[in-house]
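Next up, structure-v7.cif (mmCIF, C-alpha atoms, pLDDT in the B column; chains and numbers go by the auth columns):
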```cif
data_work
loop_
_atom_site.group_PDB
_atom_site.id
_atom_site.type_symbol
_atom_site.label_atom_id
_atom_site.label_comp_id
_atom_site.label_asym_id
_atom_site.label_seq_id
_atom_site.Cartn_x
_atom_site.Cartn_y
_atom_site.Cartn_z
_atom_site.B_iso_or_equiv
_atom_site.auth_seq_id
_atom_site.auth_asym_id
ATOM 1 C CA MET A 1 109.354 20.578 78.288 35.00 1479 P
ATOM 2 C CA SER A 2 107.244 18.481 75.961 41.00 1480 P
ATOM 3 C CA SER A 3 103.485 18.947 75.826 42.00 1481 P
ATOM 4 C CA LEU A 4 103.203 15.168 76.051 47.00 1482 P
ATOM 5 C CA SER A 5 104.911 14.872 79.389 39.00 1483 P
ATOM 6 C CA ALA A 6 103.582 17.594 81.624 43.00 1484 P
ATOM 7 C CA VAL A 7 101.996 21.020 81.645 46.00 1485 P
ATOM 8 C CA ASN A 8 104.321 23.934 82.355 47.00 1486 P
ATOM 9 C CA PRO A 9 103.819 24.640 86.074 48.00 1487 P
ATOM 10 C CA GLN A 10 104.830 28.272 85.581 50.00 1488 P
ATOM 11 C CA ILE A 11 101.633 28.917 83.573 51.00 1489 P
ATOM 12 C CA PRO A 12 98.453 28.970 85.708 61.00 1490 P
ATOM 13 C CA LEU A 13 95.779 26.390 84.936 76.00 1491 P
ATOM 14 C CA VAL A 14 93.522 27.802 82.233 88.00 1492 P
ATOM 15 C CA PRO A 15 89.943 26.528 81.815 93.00 1493 P
ATOM 16 C CA ILE A 16 89.599 25.321 78.221 96.00 1494 P
ATOM 17 C CA ARG A 17 86.231 24.022 77.095 94.00 1495 P
ATOM 18 C CA SER A 18 84.972 22.231 74.033 96.00 1496 P
ATOM 19 C CA LEU A 19 82.838 24.428 71.817 97.00 1497 P
ATOM 20 C CA GLY A 20 79.678 23.384 70.031 95.00 1498 P
ATOM 21 C CA ALA A 21 77.492 24.757 67.262 95.00 1499 P
ATOM 22 C CA GLY A 22 75.913 27.134 69.779 95.00 1500 P
ATOM 23 C CA HIS A 23 79.226 28.991 69.953 96.00 1501 P
ATOM 24 C CA ARG A 24 79.427 29.562 66.207 96.00 1502 P
ATOM 25 C CA ASN A 25 78.718 33.285 66.547 96.00 1503 P
ATOM 26 C CA ARG A 26 81.387 33.773 69.230 96.00 1504 P
ATOM 27 C CA ILE A 27 83.880 31.888 67.055 98.00 1505 P
ATOM 28 C CA ALA A 28 83.083 34.210 64.150 97.00 1506 P
ATOM 29 C CA LEU A 29 83.503 37.302 66.335 97.00 1507 P
ATOM 30 C CA HIS A 30 86.855 36.010 67.551 98.00 1508 P
ATOM 31 C CA LEU A 31 88.225 35.367 64.066 98.00 1509 P
ATOM 32 C CA LEU A 32 86.816 38.599 62.635 98.00 1510 P
ATOM 33 C CA ALA A 33 88.673 40.494 65.374 97.00 1511 P
ATOM 34 C CA LEU A 34 92.017 39.284 63.973 97.00 1512 P
ATOM 35 C CA ASP A 35 93.832 41.879 61.897 96.00 1513 P
ATOM 36 C CA GLU A 36 95.146 41.218 58.379 95.00 1514 P
ATOM 37 C CA SER A 37 98.548 39.992 59.596 94.00 1515 P
ATOM 38 C CA ASP A 38 97.021 37.577 62.121 95.00 1516 P
ATOM 39 C CA ARG A 39 94.554 36.270 59.560 96.00 1517 P
ATOM 40 C CA TYR A 40 97.453 35.603 57.211 94.00 1518 P
ATOM 41 C CA LEU A 41 99.279 33.579 59.881 93.00 1519 P
ATOM 42 C CA ARG A 42 96.164 31.680 60.948 94.00 1520 P
ATOM 43 C CA PHE A 43 94.806 30.734 57.526 94.00 1521 P
ATOM 44 C CA GLY A 44 97.867 31.049 55.301 91.00 1522 P
ATOM 45 C CA TYR A 45 96.256 33.900 53.390 91.00 1523 P
ATOM 46 C CA PRO A 46 94.747 37.320 54.321 91.00 1524 P
ATOM 47 C CA ALA A 47 91.212 35.974 54.780 96.00 1525 P
ATOM 48 C CA THR A 48 88.407 38.453 54.187 97.00 1526 P
ATOM 49 C CA ASP A 49 85.396 38.790 56.492 97.00 1527 P
ATOM 50 C CA GLU A 50 83.324 36.829 53.983 97.00 1528 P
ATOM 51 C CA GLN A 51 85.872 33.998 53.843 97.00 1529 P
ATOM 52 C CA ILE A 52 86.003 33.828 57.639 97.00 1530 P
ATOM 53 C CA ARG A 53 82.219 33.635 57.917 97.00 1531 P
ATOM 54 C CA LEU A 54 82.211 30.845 55.313 97.00 1532 P
ATOM 55 C CA TYR A 55 84.896 28.983 57.295 97.00 1533 P
ATOM 56 C CA VAL A 56 82.844 29.286 60.488 97.00 1534 P
ATOM 57 C CA ASP A 57 79.638 28.198 58.729 97.00 1535 P
ATOM 58 C CA ARG A 58 81.396 25.056 57.495 96.00 1536 P
ATOM 59 C CA LEU A 59 82.836 23.994 60.854 97.00 1537 P
ATOM 60 C CA ASP A 60 81.881 20.372 61.500 95.00 1538 P
ATOM 61 C CA PHE A 61 81.336 20.030 65.244 96.00 1539 P
ATOM 62 C CA GLU A 62 80.423 16.355 64.882 93.00 1540 P
ATOM 63 C CA ARG A 63 83.724 15.392 63.234 92.00 1541 P
ATOM 64 C CA ASP A 64 86.214 17.957 64.569 95.00 1542 P
ATOM 65 C CA GLU A 65 86.906 19.425 67.977 96.00 1543 P
ATOM 66 C CA ILE A 66 86.987 23.153 68.725 97.00 1544 P
ATOM 67 C CA PHE A 67 88.467 24.411 71.992 97.00 1545 P
ATOM 68 C CA GLY A 68 88.152 27.880 73.480 97.00 1546 P
ATOM 69 C CA ILE A 69 89.310 30.135 76.296 97.00 1547 P
ATOM 70 C CA PHE A 70 86.883 32.803 77.521 96.00 1548 P
ATOM 71 C CA ASN A 71 87.518 35.898 79.615 93.00 1549 P
ATOM 72 C CA ARG A 72 85.144 37.025 82.357 90.00 1550 P
ATOM 73 C CA ARG A 73 82.973 38.877 79.817 89.00 1551 P
ATOM 74 C CA LEU A 74 82.554 35.598 77.891 91.00 1552 P
ATOM 75 C CA GLU A 75 84.618 36.928 75.025 95.00 1553 P
ATOM 76 C CA LEU A 76 86.409 34.145 73.162 97.00 1554 P
ATOM 77 C CA ILE A 77 90.009 35.330 73.440 97.00 1555 P
ATOM 78 C CA ALA A 78 91.742 32.170 72.190 97.00 1556 P
ATOM 79 C CA MET A 79 90.595 29.138 70.225 97.00 1557 P
ATOM 80 C CA ALA A 80 91.956 26.031 68.541 97.00 1558 P
ATOM 81 C CA HIS A 81 90.595 23.853 65.755 97.00 1559 P
ATOM 82 C CA LEU A 82 91.532 20.170 65.823 97.00 1560 P
ATOM 83 C CA ALA A 83 90.518 18.838 62.410 95.00 1561 P
ATOM 84 C CA PHE A 84 90.442 15.051 62.200 94.00 1562 P
ATOM 85 C CA ILE A 85 91.675 13.243 59.105 87.00 1563 P
ATOM 86 C CA VAL A 86 89.326 10.280 58.764 79.00 1564 P
ATOM 87 C CA ASP A 87 90.320 7.176 56.829 75.00 1565 P
ATOM 88 C CA GLY A 88 88.076 4.115 56.720 68.00 1566 P
ATOM 89 C CA GLY A 89 85.893 5.422 59.520 62.00 1567 P
ATOM 90 C CA ALA A 90 88.822 5.923 61.915 61.00 1568 P
ATOM 91 C CA ALA A 91 90.826 9.026 62.722 66.00 1569 P
ATOM 92 C CA ALA A 92 94.141 8.538 60.935 75.00 1570 P
ATOM 93 C CA GLY A 93 95.492 11.894 62.041 91.00 1571 P
ATOM 94 C CA ALA A 94 94.559 15.402 63.113 94.00 1572 P
ATOM 95 C CA GLU A 95 95.604 18.919 62.097 94.00 1573 P
ATOM 96 C CA PHE A 96 95.945 21.679 64.672 96.00 1574 P
ATOM 97 C CA GLY A 97 95.307 25.393 64.165 95.00 1575 P
ATOM 98 C CA VAL A 98 95.166 28.148 66.781 96.00 1576 P
ATOM 99 C CA SER A 99 94.485 31.868 67.155 96.00 1577 P
ATOM 100 C CA VAL A 100 94.842 34.217 70.122 97.00 1578 P
ATOM 101 C CA LEU A 101 93.646 37.821 70.265 97.00 1579 P
ATOM 102 C CA LYS A 102 96.478 40.351 70.581 95.00 1580 P
ATOM 103 C CA LYS A 103 95.332 41.551 74.007 95.00 1581 P
ATOM 104 C CA ALA A 104 95.531 37.997 75.372 96.00 1582 P
ATOM 105 C CA ARG A 105 98.998 37.063 74.145 93.00 1583 P
ATOM 106 C CA GLY A 106 102.035 36.358 76.268 92.00 1584 P
ATOM 107 C CA ARG A 107 100.069 34.162 78.685 93.00 1585 P
ATOM 108 C CA GLY A 108 100.831 30.780 77.149 93.00 1586 P
ATOM 109 C CA TYR A 109 97.308 30.260 75.789 95.00 1587 P
ATOM 110 C CA GLY A 110 98.532 28.842 72.483 95.00 1588 P
ATOM 111 C CA SER A 111 100.603 26.206 74.282 94.00 1589 P
ATOM 112 C CA ARG A 112 97.748 25.378 76.628 95.00 1590 P
ATOM 113 C CA LEU A 113 95.365 24.879 73.720 96.00 1591 P
ATOM 114 C CA PHE A 114 97.921 22.660 72.031 96.00 1592 P
ATOM 115 C CA ASP A 115 98.275 20.529 75.179 94.00 1593 P
ATOM 116 C CA ARG A 116 94.495 20.198 75.359 96.00 1594 P
ATOM 117 C CA ALA A 117 94.256 19.223 71.698 96.00 1595 P
ATOM 118 C CA VAL A 118 97.044 16.645 72.065 95.00 1596 P
ATOM 119 C CA MET A 119 95.273 15.075 75.025 95.00 1597 P
ATOM 120 C CA HIS A 120 91.986 14.822 73.138 96.00 1598 P
ATOM 121 C CA ALA A 121 93.646 13.468 69.987 95.00 1599 P
ATOM 122 C CA ARG A 122 95.412 10.761 72.016 94.00 1600 P
ATOM 123 C CA ASN A 123 92.166 9.754 73.675 95.00 1601 P
ATOM 124 C CA GLU A 124 90.528 9.516 70.246 93.00 1602 P
ATOM 125 C CA GLY A 125 93.205 7.088 69.077 91.00 1603 P
ATOM 126 C CA VAL A 126 95.061 9.537 66.836 93.00 1604 P
ATOM 127 C CA GLU A 127 98.713 8.615 66.312 91.00 1605 P
ATOM 128 C CA LEU A 128 99.922 11.580 64.276 93.00 1606 P
ATOM 129 C CA MET A 129 99.232 15.291 64.676 94.00 1607 P
ATOM 130 C CA PHE A 130 100.024 17.777 61.924 93.00 1608 P
ATOM 131 C CA ILE A 131 100.660 21.499 62.026 94.00 1609 P
ATOM 132 C CA HIS A 132 100.736 23.304 58.696 90.00 1610 P
ATOM 133 C CA ALA A 133 102.080 26.816 59.193 92.00 1611 P
ATOM 134 C CA LEU A 134 103.806 29.598 57.359 92.00 1612 P
ATOM 135 C CA SER A 135 107.530 29.622 58.082 91.00 1613 P
ATOM 136 C CA VAL A 136 107.203 33.169 59.459 92.00 1614 P
ATOM 137 C CA ASN A 137 104.708 31.965 62.096 92.00 1615 P
ATOM 138 C CA VAL A 138 107.370 31.808 64.802 91.00 1616 P
ATOM 139 C CA ALA A 139 104.924 31.366 67.697 91.00 1617 P
ATOM 140 C CA MET A 140 103.202 28.356 66.140 92.00 1618 P
ATOM 141 C CA LEU A 141 106.436 26.670 65.145 92.00 1619 P
ATOM 142 C CA LYS A 142 107.850 27.234 68.629 92.00 1620 P
ATOM 143 C CA ILE A 143 104.874 25.389 70.126 93.00 1621 P
ATOM 144 C CA ALA A 144 105.448 22.483 67.737 92.00 1622 P
ATOM 145 C CA ARG A 145 109.203 22.411 68.344 92.00 1623 P
ATOM 146 C CA ASN A 146 108.793 22.491 72.145 92.00 1624 P
ATOM 147 C CA ALA A 147 106.424 19.529 71.881 90.00 1625 P
ATOM 148 C CA GLY A 148 109.088 17.507 70.104 91.00 1626 P
ATOM 149 C CA ALA A 149 107.568 17.675 66.627 92.00 1627 P
ATOM 150 C CA THR A 150 109.584 17.088 63.470 92.00 1628 P
ATOM 151 C CA LEU A 151 109.627 20.200 61.280 93.00 1629 P
ATOM 152 C CA GLU A 152 110.082 20.166 57.521 93.00 1630 P
ATOM 153 C CA ARG A 153 110.377 23.501 55.736 90.00 1631 P
ATOM 154 C CA ALA A 154 109.397 23.931 52.098 86.00 1632 P
ATOM 155 C CA GLY A 155 109.918 27.515 51.073 84.00 1633 P
ATOM 156 C CA SER A 156 107.439 29.820 52.778 89.00 1634 P
ATOM 157 C CA GLU A 157 105.618 26.951 54.513 91.00 1635 P
ATOM 158 C CA THR A 158 106.539 24.471 57.232 93.00 1636 P
ATOM 159 C CA GLU A 159 104.979 21.114 58.095 92.00 1637 P
ATOM 160 C CA ALA A 160 105.292 19.787 61.633 93.00 1638 P
ATOM 161 C CA TYR A 161 104.609 16.162 62.543 90.00 1639 P
ATOM 162 C CA LEU A 162 104.120 14.956 66.097 94.00 1640 P
ATOM 163 C CA ARG A 163 103.691 11.257 66.884 93.00 1641 P
ATOM 164 C CA LEU A 164 101.357 10.746 69.826 94.00 1642 P
ATOM 165 C CA PRO A 165 101.565 7.976 72.422 92.00 1643 P
ATOM 166 C CA PRO A 166 98.514 5.794 73.095 92.00 1644 P
ATOM 167 C CA ALA A 167 95.832 6.979 75.492 93.00 1645 P
ATOM 168 C CA THR A 168 96.153 6.023 79.142 94.00 1646 P
ATOM 169 C CA LEU A 169 93.784 6.018 82.091 95.00 1647 P
ATOM 170 C CA ASP A 170 95.510 9.185 83.279 95.00 1648 P
ATOM 171 C CA SER A 171 94.998 10.986 79.936 92.00 1649 P
ATOM 172 C CA ARG A 172 91.316 10.034 79.866 94.00 1650 P
ATOM 173 C CA VAL A 173 90.658 11.072 83.472 95.00 1651 P
ATOM 174 C CA SER A 174 92.636 14.299 82.975 92.00 1652 P
ATOM 175 C CA GLU A 175 90.516 15.240 79.957 93.00 1653 P
ATOM 176 C CA MET A 176 87.288 14.583 81.845 92.00 1654 P
ATOM 177 C CA PHE A 177 88.526 16.695 84.766 91.00 1655 P
ATOM 178 C CA GLU A 178 89.651 19.590 82.568 92.00 1656 P
ATOM 179 C CA GLU A 179 86.398 19.649 80.611 91.00 1657 P
ATOM 180 C CA GLN A 180 84.316 19.623 83.810 90.00 1658 P
ATOM 181 C CA LEU A 181 86.447 22.435 85.244 89.00 1659 P
ATOM 182 C CA ALA A 182 86.001 24.478 82.074 88.00 1660 P
ATOM 183 C CA GLN A 183 82.246 23.914 81.988 87.00 1661 P
ATOM 184 C CA THR A 184 81.928 25.053 85.615 90.00 1662 P
ATOM 185 C CA ASP A 185 84.110 28.097 84.965 86.00 1663 P
ATOM 186 C CA TYR A 186 82.007 29.035 81.922 84.00 1664 P
ATOM 187 C CA HIS A 187 78.721 28.788 83.835 86.00 1665 P
ATOM 188 C CA LEU A 188 80.083 30.887 86.716 87.00 1666 P
ATOM 189 C CA LYS A 189 81.254 33.553 84.264 84.00 1667 P
ATOM 190 C CA ALA A 190 77.853 33.471 82.544 81.00 1668 P
ATOM 191 C CA GLN A 191 76.062 33.963 85.878 85.00 1669 P
ATOM 192 C CA ALA A 192 78.386 36.811 86.852 83.00 1670 P
ATOM 193 C CA LYS A 193 77.841 38.479 83.470 78.00 1671 P
ATOM 194 C CA THR A 194 74.065 38.220 83.907 81.00 1672 P
ATOM 195 C CA VAL A 195 74.303 39.943 87.270 82.00 1673 P
ATOM 196 C CA ARG A 196 76.565 42.692 85.877 78.00 1674 P
ATOM 197 C CA ASP A 197 74.231 43.269 82.938 75.00 1675 P
ATOM 198 C CA PHE A 198 71.236 43.434 85.289 75.00 1676 P
ATOM 199 C CA LEU A 199 72.940 45.987 87.561 78.00 1677 P
ATOM 200 C CA ALA A 200 74.038 47.999 84.531 74.00 1678 P
ATOM 201 C CA GLY A 201 70.412 48.027 83.355 75.00 1679 P
ATOM 202 C CA LEU A 202 69.240 49.296 86.743 73.00 1680 P
ATOM 203 C CA GLN A 203 71.848 52.040 86.624 76.00 1681 P
ATOM 204 C CA GLU A 204 70.643 53.057 83.180 73.00 1682 P
ATOM 205 C CA ILE A 205 67.026 53.197 84.401 76.00 1683 P
ATOM 206 C CA ARG A 206 68.123 55.233 87.419 73.00 1684 P
ATOM 207 C CA ARG A 207 70.018 57.714 85.278 72.00 1685 P
ATOM 208 C CA GLY A 208 67.007 58.004 82.983 63.00 1686 P
ATOM 209 C CA ALA A 209 64.704 58.735 85.931 63.00 1687 P
ATOM 210 C CA ILE A 210 67.081 61.389 87.284 67.00 1688 P
ATOM 211 C CA ASP A 211 67.318 63.074 83.892 64.00 1689 P
ATOM 212 C CA ALA A 212 63.531 63.047 83.586 62.00 1690 P
ATOM 213 C CA ARG A 213 63.074 64.704 87.018 68.00 1691 P
ATOM 214 C CA ARG A 214 65.632 67.353 86.119 68.00 1692 P
ATOM 215 C CA LYS A 215 63.770 68.187 82.909 69.00 1693 P
ATOM 216 C CA ILE A 216 60.455 68.462 84.807 68.00 1694 P
ATOM 217 C CA GLY A 217 62.049 70.719 87.399 63.00 1695 P
ATOM 218 C CA ARG A 218 63.332 73.203 84.868 61.00 1696 P
#
```
Could you write out this structure as structure tokens?
Amino acid sequence: MSSLSAVNPQIPLVPIRSLGAGHRNRIALHLLALDESDRYLRFGYPATDEQIRLYVDRLDFERDEIFGIFNRRLELIAMAHLAFIVDGGAAAGAEFGVSVLKKARGRGYGSRLFDRAVMHARNEGVELMFIHALSVNVAMLKIARNAGATLERAGSETEAYLRLPPATLDSRVSEMFEEQLAQTDYHLKAQAKTVRDFLAGLQEIRRGAIDARRKIGR
């Protein structure tokens, strides 16, 4: 099934929200958690911690779009970078990159992030989406192939090209709905985390008081 036609009904709806500069630290933590092999697949080279931090520092949230999936502890477990190629003030194309933590794989998050990025790119008037990946990046190339992209292999690297249809009322409304859903989900998770942290703090105080009484009673 193509990403342009419908979302796979077998994969539950996943709240995916747009990330801003305020999430820069969480983005860095996510990418730094990738091991050497995953960094190689994501960036095309075994990026060091310093190179990852430089990449995160240079993210342009005004030009590009960053999407993320959070777990209940507000850990960024999957993210995508949609980098716009601007020509004459208009977006002539966009390049897609994605990463998913090992513990969150097998749930279709990469495909979901791709669907979300395609929807946004369409609504921004982009006609062509690019995926530049290493030929050994089977998961990424599978996402591109399932979406109907044209793949061209050149040695150890593969370029995928996906032509996007124009935006429609449905694509615009769908993006608004998905973003609102993701924002609500994020705020609920943040509130729940605050409550858990507060209760954990009370437990710590209680344990400290018990230990203090035991020491006095000795």
*Just the residues within 10 Å of Ser1634 (chain P), please, counting all atoms listed in the file, with nothing from its chain fewer than 2 positions along; format it as a list in words.*
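Residues near the query, excluding close chain neighbours: Gly1522, Ala1611, Leu1612, Ser1613, Val1614, Asn1615, Arg1631, Ala1632 and Thr1636 of chain P.
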*May I have the residues at most 12 Å from (86.6, 39.7, 67.5) in the file's coordinates, counting all atoms listed in the file, as an MDAnalysis selection string?*
chainID P and resid 1503:1513 1516:1517 1527 1530 1552:1557 1577:1581
*Can you list, as a ChimeraX atom specification, every protein, DNA or RNA residue that comes within 9 Å of region 1586-1601 of chain P when you count all atoms listed in the file, leaving out same-chain residues fewer than 6 positions away?*
/P:1481-1482,1484-1486,1489,1491-1492,1494,1543-1547,1556-1560,1562,1569,1571-1572,1574-1578,1607,1617-1618,1621-1622,1625,1642-1646,1649-1650,1652-1653,1656
*Which residue of P:His1665, P:Val1564, P:Leu1497, P:Gly1626 approaches Leu1537 (chain P) most closely, using all atoms listed in the file*: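 Result for the nearest residue to Leu1537 (chain P): P:Leu1497.
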Report the centre and edge lengths, in Å to one decimal, of an axis-aligned box enclosing every atom of region 1503-1516 of chain P listed in the file, padded by 6 Å on each side, as AutoDock Vina command-line options.
```
--center_x 88.6 --center_y 36.9 --center_z 63.8 --size_x 31.8 --size_y 22.0 --size_z 22.9
```
*Nearest to Arg1641 (chain P), chosen from P:Tyr1664, P:Phe1655, P:Phe1608, P:Tyr1533, with all atoms listed in the file counted in the distances*: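 Smallest distance to Arg1641 (chain P) is found for P:Phe1608.
Ranking P:Glu1657, P:Glu1630, P:Asp1535, P:Glu1635 by their shortest atom-to-atom distance to His1501 (chain P), with all atoms listed in the file included, puts P:Asp1535 first.
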*Quick one: of P:Ala1678, P:Leu1647, P:Leu1659, P:Ile1683, who's nearest to Arg1495 (chain P), counting all atoms listed in the file?*
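That would be P:Leu1659, the residue with the smallest distance to Arg1495 (chain P).
CA of Gly1500 (chain P) lies 10.0 Å from CA of Phe1539 (chain P).
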*Between CA of Ile1609 (chain P) and CA of Glu1540 (chain P) - distance in Å to one decimal*: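 Separation between CA of Glu1540 (chain P) and CA of Ile1609 (chain P): 21.1 Å.
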*Distance of CA of Arg1541 (chain P) from CA of Tyr1639 (chain P), expressed in Å to one decimal place*: 20.9 Å
